[in-house]
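Only one structure is covered here, and it is reproduced in the block below.
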Protein chains: 2
Amino acid sequence: MDAAEALVRRFWDCANTQDWPGLVRLLAPDLRYELPQTREFIHGAEGFVDFFVTWPQPWRVSLERVVSDGTQAAVQMRFHDAQTQPLALGFYTLRQGCIAAITEFWPEPYEPPARASRFVQRA
Amino acid sequence: MDAAEALVRRFWDCANTQDWPGLVRLLAPDLRYELPQTREFIHGAEGFVDFFVTWPQPWRVSLERVVSDGTQAAVQMRFHDAQTQPLALGFYTLRQGCIAAITEFWPEPYEPPARASRFVQRA
């Protein structure tokens, strides 16, 4: 496991155990968090941790896949609360041993269009 | 650039230039292609290439970010046709120098819910 994967796993361990002081130590002070689908963003580690702290229900995240090259990591994960368990994808960029940028995607299920290829099946 | 990143870049170069014989040579014969959002899948390299060949309009894909660990790669990309340019995310698993599995996500824009944290801004 390389440094980026270890850091991202630690990040989610801290989040899942509400270890907010531990979490903030993993983040660059000028962290940039982006949600391209909604055009939302948070600038700064303090605001990012507040976003987690103020989440209205208990939740946790389980990691389904991690790809890391040592300075970037991409994660496929599942968010769990009492009602739902949506899938999410995150890209993490490291700088000097901290997470400096997070980009997150929340792809929702949808009905597929008609497909021209006869090879497309459906589970 | 490691082997997985090189292979994924070559995969999209072949697709963008409609080099279908070149594309099929990069794929394991038993390739598994999955779209979790629609629960669609294709089993086999032949069917996967047919899916690209039969796409109803001209298109190309540009890569915005690649994270690779040598045996897996994660890509953030943009699909371009005459009308749209949606964002997509792909995970690629290699086996013996070929792409053996592709999982693709197509996250769409959405209106954000009310946020409890005052630190969330919108671009």
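Residues are referred to by chain and number: the chain letter is A, B, ... according to the order shown in the structure tokens, the number counts from 1 in that chain, and ligands are numbered separately from 1 in the order shown.
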With the cut-off set at 9 Å and counting only C-alpha atoms, tabulate each residue of chain B with an atom at most that distance from an atom of chain A, showing the nearest atom pair and its distance in Å to one decimal, ordered by chain and increasing number, as a tab-separated table.
residue	atom	partner	partner_atom	distance
B:Pro36	CA	A:Pro109	CA	7.6
B:Gln37	CA	A:Pro109	CA	4.1
B:Thr38	CA	A:Tyr110	CA	5.5
B:Arg39	CA	A:Ala123	CA	5.3
B:Glu40	CA	A:Arg122	CA	4.2
B:Phe41	CA	A:Gln121	CA	5.3
B:Ile42	CA	A:Val120	CA	5.2
B:His43	CA	A:Phe119	CA	7.8
B:Gly44	CA	A:Phe119	CA	8.9
B:Glu46	CA	A:Phe119	CA	8.7
B:Gly47	CA	A:Phe119	CA	5.1
B:Phe48	CA	A:Phe119	CA	7.4
B:Asp50	CA	A:Ser117	CA	6.2
B:Phe51	CA	A:Ser117	CA	5.0
B:Phe52	CA	A:Ser117	CA	8.3
B:Val53	CA	A:Ser117	CA	8.4
B:Thr54	CA	A:Ala116	CA	5.8
B:Trp55	CA	A:Ala116	CA	6.5
B:Pro56	CA	A:Ala116	CA	7.2
B:Val67	CA	A:Asp69	CA	6.1
B:Ser68	CA	A:Asp69	CA	5.6
B:Asp69	CA	A:Asp69	CA	5.1
B:Gly70	CA	A:Asp69	CA	8.4
B:Gln72	CA	A:Val67	CA	6.5
B:Ala73	CA	A:Val67	CA	6.5
B:Ala74	CA	A:Ala74	CA	6.3
B:Val75	CA	A:Ala74	CA	8.5
B:Leu89	CA	A:Leu89	CA	8.5
B:Phe91	CA	A:Val67	CA	8.8
B:Phe105	CA	A:Pro107	CA	6.5
B:Trp106	CA	A:Pro107	CA	6.2
B:Pro107	CA	A:Pro107	CA	4.0
B:Glu108	CA	A:Gln37	CA	6.1
B:Pro109	CA	A:Gln37	CA	4.1
B:Tyr110	CA	A:Thr38	CA	5.5
B:Glu111	CA	A:Thr38	CA	5.8
B:Pro112	CA	A:Thr38	CA	5.7
B:Arg115	CA	A:Trp55	CA	8.1
B:Ala116	CA	A:Thr54	CA	5.8
B:Ser117	CA	A:Phe51	CA	5.0
B:Arg118	CA	A:Gly47	CA	8.0
B:Phe119	CA	A:Gly47	CA	5.1
B:Val120	CA	A:Ile42	CA	5.2
B:Gln121	CA	A:Phe41	CA	5.3
B:Arg122	CA	A:Glu40	CA	4.2
B:Ala123	CA	A:Arg39	CA	5.3
Those residues you just picked out, can you put them in a file as a short mmCIF file (atom, residue, chain, number, x, y, z; two decimals), in the first residue's frame with N, CA and C atoms?
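Everything below was put into selection32.cif:
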data_model
loop_
_atom_site.label_atom_id
_atom_site.label_comp_id
_atom_site.auth_asym_id
_atom_site.auth_seq_id
_atom_site.Cartn_x
_atom_site.Cartn_y
_atom_site.Cartn_z
N PRO B 36 -22.73 0.21 -13.78
CA PRO B 36 -23.54 -0.07 -12.58
C PRO B 36 -24.81 0.77 -12.47
N GLN B 37 -24.80 1.98 -13.02
CA GLN B 37 -25.98 2.83 -12.86
C GLN B 37 -27.21 2.29 -13.57
N THR B 38 -26.99 1.63 -14.72
CA THR B 38 -28.11 1.06 -15.48
C THR B 38 -28.19 -0.46 -15.32
N ARG B 39 -27.23 -1.05 -14.65
CA ARG B 39 -27.09 -2.50 -14.52
C ARG B 39 -26.85 -3.18 -15.88
N GLU B 40 -26.37 -2.42 -16.86
CA GLU B 40 -26.01 -3.00 -18.16
C GLU B 40 -24.60 -3.59 -18.09
N PHE B 41 -24.38 -4.60 -18.93
CA PHE B 41 -23.03 -5.16 -19.04
C PHE B 41 -22.86 -5.79 -20.41
N ILE B 42 -21.60 -5.93 -20.80
CA ILE B 42 -21.24 -6.65 -22.02
C ILE B 42 -20.17 -7.66 -21.63
N HIS B 43 -20.31 -8.87 -22.09
CA HIS B 43 -19.31 -9.90 -21.80
C HIS B 43 -18.62 -10.26 -23.11
N GLY B 44 -17.32 -9.99 -23.18
CA GLY B 44 -16.55 -10.34 -24.37
C GLY B 44 -16.09 -9.13 -25.16
N GLU B 46 -15.50 -8.84 -28.36
CA GLU B 46 -16.20 -8.65 -29.64
C GLU B 46 -17.45 -7.78 -29.44
N GLY B 47 -18.22 -8.12 -28.43
CA GLY B 47 -19.43 -7.34 -28.14
C GLY B 47 -19.12 -5.92 -27.70
N PHE B 48 -18.03 -5.78 -26.96
CA PHE B 48 -17.66 -4.44 -26.50
C PHE B 48 -17.29 -3.55 -27.69
N ASP B 50 -18.28 -3.92 -30.73
CA ASP B 50 -19.55 -3.67 -31.44
C ASP B 50 -20.33 -2.51 -30.81
N PHE B 51 -20.30 -2.42 -29.50
CA PHE B 51 -20.98 -1.33 -28.78
C PHE B 51 -20.42 0.03 -29.24
N PHE B 52 -19.11 0.11 -29.42
CA PHE B 52 -18.49 1.35 -29.90
C PHE B 52 -18.79 1.55 -31.40
N VAL B 53 -18.66 0.49 -32.17
CA VAL B 53 -18.82 0.60 -33.64
C VAL B 53 -20.23 1.04 -34.00
N THR B 54 -21.22 0.56 -33.24
CA THR B 54 -22.62 0.84 -33.59
C THR B 54 -23.16 2.11 -32.93
N TRP B 55 -22.31 2.86 -32.23
CA TRP B 55 -22.80 4.08 -31.57
C TRP B 55 -23.40 5.00 -32.63
N PRO B 56 -24.59 5.57 -32.40
CA PRO B 56 -25.32 6.24 -33.48
C PRO B 56 -24.72 7.54 -34.01
N VAL B 67 -5.25 7.98 -13.01
CA VAL B 67 -4.53 7.47 -11.83
C VAL B 67 -4.30 5.99 -12.09
N SER B 68 -3.06 5.55 -11.98
CA SER B 68 -2.76 4.16 -12.31
C SER B 68 -1.78 3.58 -11.33
N ASP B 69 -1.98 2.32 -10.96
CA ASP B 69 -1.02 1.64 -10.08
C ASP B 69 -0.30 0.52 -10.82
N GLY B 70 -0.42 0.48 -12.12
CA GLY B 70 0.28 -0.55 -12.90
C GLY B 70 -0.61 -1.70 -13.30
N GLN B 72 -4.20 -1.48 -12.27
CA GLN B 72 -5.52 -0.87 -12.35
C GLN B 72 -5.32 0.59 -12.74
N ALA B 73 -6.30 1.16 -13.40
CA ALA B 73 -6.29 2.60 -13.68
C ALA B 73 -7.68 3.15 -13.47
N ALA B 74 -7.73 4.40 -13.02
CA ALA B 74 -8.99 5.14 -12.89
C ALA B 74 -8.86 6.39 -13.74
N VAL B 75 -9.91 6.70 -14.49
CA VAL B 75 -9.86 7.80 -15.45
C VAL B 75 -11.08 8.71 -15.25
N LEU B 89 -16.46 8.49 -15.71
CA LEU B 89 -15.38 7.94 -14.91
C LEU B 89 -15.25 6.48 -15.24
N PHE B 91 -13.01 2.73 -14.48
CA PHE B 91 -12.00 1.92 -13.80
C PHE B 91 -11.63 0.76 -14.73
N PHE B 105 -18.91 4.98 -15.07
CA PHE B 105 -19.94 5.76 -14.39
C PHE B 105 -20.16 7.07 -15.15
N TRP B 106 -21.41 7.49 -15.20
CA TRP B 106 -21.80 8.71 -15.92
C TRP B 106 -22.60 9.60 -14.96
N PRO B 107 -21.90 10.33 -14.08
CA PRO B 107 -22.60 11.16 -13.09
C PRO B 107 -23.18 12.43 -13.72
N GLU B 108 -24.45 12.67 -13.49
CA GLU B 108 -25.12 13.83 -14.11
C GLU B 108 -25.21 15.00 -13.13
N PRO B 109 -25.29 16.22 -13.65
CA PRO B 109 -25.50 17.39 -12.79
C PRO B 109 -26.82 17.25 -12.02
N TYR B 110 -26.87 17.79 -10.82
CA TYR B 110 -28.12 17.82 -10.05
C TYR B 110 -28.13 19.03 -9.13
N GLU B 111 -29.32 19.41 -8.71
CA GLU B 111 -29.46 20.53 -7.77
C GLU B 111 -29.12 20.04 -6.37
N PRO B 112 -28.25 20.71 -5.66
CA PRO B 112 -27.85 20.22 -4.34
C PRO B 112 -28.97 20.39 -3.31
N ARG B 115 -27.65 22.43 2.68
CA ARG B 115 -26.48 21.92 3.40
C ARG B 115 -26.46 22.51 4.80
N ALA B 116 -26.12 21.68 5.79
CA ALA B 116 -26.05 22.15 7.18
C ALA B 116 -24.82 23.01 7.42
N SER B 117 -23.77 22.79 6.66
CA SER B 117 -22.52 23.54 6.89
C SER B 117 -22.55 24.85 6.11
N ARG B 118 -22.17 25.93 6.79
CA ARG B 118 -22.13 27.25 6.13
C ARG B 118 -20.90 27.40 5.24
N PHE B 119 -20.04 26.40 5.22
CA PHE B 119 -18.81 26.52 4.43
C PHE B 119 -18.98 26.08 2.97
N VAL B 120 -20.13 25.50 2.65
CA VAL B 120 -20.33 25.03 1.27
C VAL B 120 -20.68 26.20 0.37
N GLN B 121 -19.87 26.42 -0.65
CA GLN B 121 -20.11 27.49 -1.62
C GLN B 121 -20.51 26.87 -2.96
N ARG B 122 -20.96 27.73 -3.89
CA ARG B 122 -21.36 27.21 -5.20
C ARG B 122 -20.75 28.07 -6.30
N ALA B 123 -20.14 27.43 -7.26
CA ALA B 123 -19.48 28.16 -8.36
C ALA B 123 -20.52 28.63 -9.37
#
Least-squares Cα fit of chain A to chain B, output as an mmCIF file with C-alpha atoms, in the first residue's frame:
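Output saved as out-v6.cif:
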data_model
loop_
_atom_site.group_PDB
_atom_site.id
_atom_site.type_symbol
_atom_site.label_atom_id
_atom_site.label_comp_id
_atom_site.auth_asym_id
_atom_site.auth_seq_id
_atom_site.Cartn_x
_atom_site.Cartn_y
_atom_site.Cartn_z
ATOM 1 C CA MET A 1 3.727 6.466 -17.360
ATOM 2 C CA ASP A 2 3.174 2.865 -16.220
ATOM 3 C CA ALA A 3 1.772 -0.046 -18.241
ATOM 4 C CA ALA A 4 -1.830 0.431 -17.169
ATOM 5 C CA GLU A 5 -1.862 4.138 -17.968
ATOM 6 C CA ALA A 6 -0.193 3.512 -21.346
ATOM 7 C CA LEU A 7 -2.738 0.822 -22.177
ATOM 8 C CA VAL A 8 -5.713 2.979 -21.207
ATOM 9 C CA ARG A 9 -4.396 5.938 -23.235
ATOM 10 C CA ARG A 10 -3.858 3.630 -26.213
ATOM 11 C CA PHE A 11 -7.395 2.237 -25.736
ATOM 12 C CA TRP A 12 -8.902 5.721 -26.073
ATOM 13 C CA ASP A 13 -6.562 6.671 -28.939
ATOM 14 C CA CYS A 14 -7.809 3.601 -30.837
ATOM 15 C CA ALA A 15 -11.444 4.417 -30.017
ATOM 16 C CA ASN A 16 -11.045 8.069 -31.053
ATOM 17 C CA THR A 17 -9.507 7.104 -34.414
ATOM 18 C CA GLN A 18 -11.963 4.211 -35.024
ATOM 19 C CA ASP A 19 -9.035 1.800 -35.079
ATOM 20 C CA TRP A 20 -11.198 -1.202 -34.165
ATOM 21 C CA PRO A 21 -8.586 -3.908 -34.948
ATOM 22 C CA GLY A 22 -6.124 -1.960 -32.780
ATOM 23 C CA LEU A 23 -8.702 -1.669 -30.014
ATOM 24 C CA VAL A 24 -9.586 -5.338 -29.919
ATOM 25 C CA ARG A 25 -5.914 -6.278 -29.559
ATOM 26 C CA LEU A 26 -5.840 -4.395 -26.231
ATOM 27 C CA LEU A 27 -8.745 -6.361 -24.763
ATOM 28 C CA ALA A 28 -8.913 -9.747 -23.045
ATOM 29 C CA PRO A 29 -11.268 -11.994 -25.074
ATOM 30 C CA ASP A 30 -13.471 -12.413 -21.971
ATOM 31 C CA LEU A 31 -13.544 -8.675 -21.181
ATOM 32 C CA ARG A 32 -16.273 -7.631 -18.757
ATOM 33 C CA TYR A 33 -17.740 -4.131 -19.283
ATOM 34 C CA GLU A 34 -20.146 -2.871 -16.618
ATOM 35 C CA LEU A 35 -22.362 0.189 -16.216
ATOM 36 C CA PRO A 36 -23.524 -0.081 -12.583
ATOM 37 C CA GLN A 37 -25.965 2.839 -12.855
ATOM 38 C CA THR A 38 -28.106 1.058 -15.483
ATOM 39 C CA ARG A 39 -27.093 -2.513 -14.526
ATOM 40 C CA GLU A 40 -26.008 -3.012 -18.155
ATOM 41 C CA PHE A 41 -23.024 -5.153 -19.041
ATOM 42 C CA ILE A 42 -21.231 -6.652 -22.025
ATOM 43 C CA HIS A 43 -19.316 -9.907 -21.814
ATOM 44 C CA GLY A 44 -16.558 -10.352 -24.381
ATOM 45 C CA ALA A 45 -14.238 -8.125 -26.417
ATOM 46 C CA GLU A 46 -16.190 -8.657 -29.649
ATOM 47 C CA GLY A 47 -19.430 -7.344 -28.146
ATOM 48 C CA PHE A 48 -17.653 -4.453 -26.503
ATOM 49 C CA VAL A 49 -16.122 -3.266 -29.787
ATOM 50 C CA ASP A 50 -19.544 -3.672 -31.445
ATOM 51 C CA PHE A 51 -20.971 -1.332 -28.780
ATOM 52 C CA PHE A 52 -18.483 1.346 -29.892
ATOM 53 C CA VAL A 53 -18.819 0.593 -33.646
ATOM 54 C CA THR A 54 -22.622 0.855 -33.581
ATOM 55 C CA TRP A 55 -22.780 4.084 -31.558
ATOM 56 C CA PRO A 56 -25.307 6.235 -33.472
ATOM 57 C CA GLN A 57 -23.283 9.484 -33.756
ATOM 58 C CA PRO A 58 -19.614 10.404 -34.188
ATOM 59 C CA TRP A 59 -17.938 10.872 -30.808
ATOM 60 C CA ARG A 60 -14.613 11.100 -29.111
ATOM 61 C CA VAL A 61 -13.335 10.977 -25.540
ATOM 62 C CA SER A 62 -10.777 13.303 -23.949
ATOM 63 C CA LEU A 63 -8.971 12.241 -20.763
ATOM 64 C CA GLU A 64 -8.956 14.758 -17.914
ATOM 65 C CA ARG A 65 -7.184 12.678 -15.266
ATOM 66 C CA VAL A 66 -5.561 9.256 -15.055
ATOM 67 C CA VAL A 67 -4.543 7.474 -11.838
ATOM 68 C CA SER A 68 -2.767 4.161 -12.314
ATOM 69 C CA ASP A 69 -1.021 1.647 -10.080
ATOM 70 C CA GLY A 70 0.282 -0.539 -12.914
ATOM 71 C CA THR A 71 -2.505 -3.135 -12.830
ATOM 72 C CA GLN A 72 -5.523 -0.860 -12.348
ATOM 73 C CA ALA A 73 -6.294 2.597 -13.676
ATOM 74 C CA ALA A 74 -8.997 5.137 -12.889
ATOM 75 C CA VAL A 75 -9.876 7.796 -15.434
ATOM 76 C CA GLN A 76 -11.899 10.999 -15.394
ATOM 77 C CA MET A 77 -12.886 11.783 -18.974
ATOM 78 C CA ARG A 78 -15.243 13.757 -21.142
ATOM 79 C CA PHE A 79 -17.354 12.323 -23.946
ATOM 80 C CA HIS A 80 -17.889 14.661 -26.889
ATOM 81 C CA ASP A 81 -20.499 14.388 -29.612
ATOM 82 C CA ALA A 82 -22.240 17.092 -31.650
ATOM 83 C CA GLN A 83 -24.731 17.907 -28.858
ATOM 84 C CA THR A 84 -23.239 17.119 -25.463
ATOM 85 C CA GLN A 85 -20.058 16.657 -23.511
ATOM 86 C CA PRO A 86 -20.913 14.645 -20.418
ATOM 87 C CA LEU A 87 -18.300 13.645 -17.882
ATOM 88 C CA ALA A 88 -17.557 9.984 -17.248
ATOM 89 C CA LEU A 89 -15.380 7.953 -14.903
ATOM 90 C CA GLY A 90 -13.836 4.595 -15.732
ATOM 91 C CA PHE A 91 -11.992 1.920 -13.792
ATOM 92 C CA TYR A 92 -9.816 -0.466 -15.829
ATOM 93 C CA THR A 93 -8.356 -3.743 -14.603
ATOM 94 C CA LEU A 94 -5.446 -5.312 -16.475
ATOM 95 C CA ARG A 95 -4.594 -8.991 -16.824
ATOM 96 C CA GLN A 96 -1.545 -10.216 -18.764
ATOM 97 C CA GLY A 97 -1.098 -6.921 -20.573
ATOM 98 C CA CYS A 98 -4.728 -6.617 -21.675
ATOM 99 C CA ILE A 99 -7.763 -4.788 -20.341
ATOM 100 C CA ALA A 100 -9.888 -7.469 -18.668
ATOM 101 C CA ALA A 101 -12.541 -5.367 -16.909
ATOM 102 C CA ILE A 102 -14.017 -1.894 -17.364
ATOM 103 C CA THR A 103 -16.486 -0.267 -14.983
ATOM 104 C CA GLU A 104 -17.911 3.049 -16.143
ATOM 105 C CA PHE A 105 -19.934 5.765 -14.402
ATOM 106 C CA TRP A 106 -21.808 8.703 -15.924
ATOM 107 C CA PRO A 107 -22.607 11.155 -13.091
ATOM 108 C CA GLU A 108 -25.121 13.821 -14.109
ATOM 109 C CA PRO A 109 -25.501 17.364 -12.778
ATOM 110 C CA TYR A 110 -28.121 17.797 -10.039
ATOM 111 C CA GLU A 111 -29.460 20.523 -7.781
ATOM 112 C CA PRO A 112 -27.835 20.221 -4.341
ATOM 113 C CA PRO A 113 -29.912 19.692 -1.188
ATOM 114 C CA ALA A 114 -29.832 22.273 1.619
ATOM 115 C CA ARG A 115 -26.475 21.915 3.390
ATOM 116 C CA ALA A 116 -26.057 22.161 7.164
ATOM 117 C CA SER A 117 -22.517 23.553 6.882
ATOM 118 C CA ARG A 118 -22.132 27.250 6.131
ATOM 119 C CA PHE A 119 -18.802 26.522 4.412
ATOM 120 C CA VAL A 120 -20.336 25.038 1.271
ATOM 121 C CA GLN A 121 -20.116 27.502 -1.643
ATOM 122 C CA ARG A 122 -21.356 27.223 -5.203
ATOM 123 C CA ALA A 123 -19.498 28.136 -8.376
#
(request) Apply DSSP to the structure's backbone, then extract all residues of chain B labelled helix (DSSP H, G or I) and return them as a ChimeraX atom specification. (result) /B:3-16,20-24,45-53
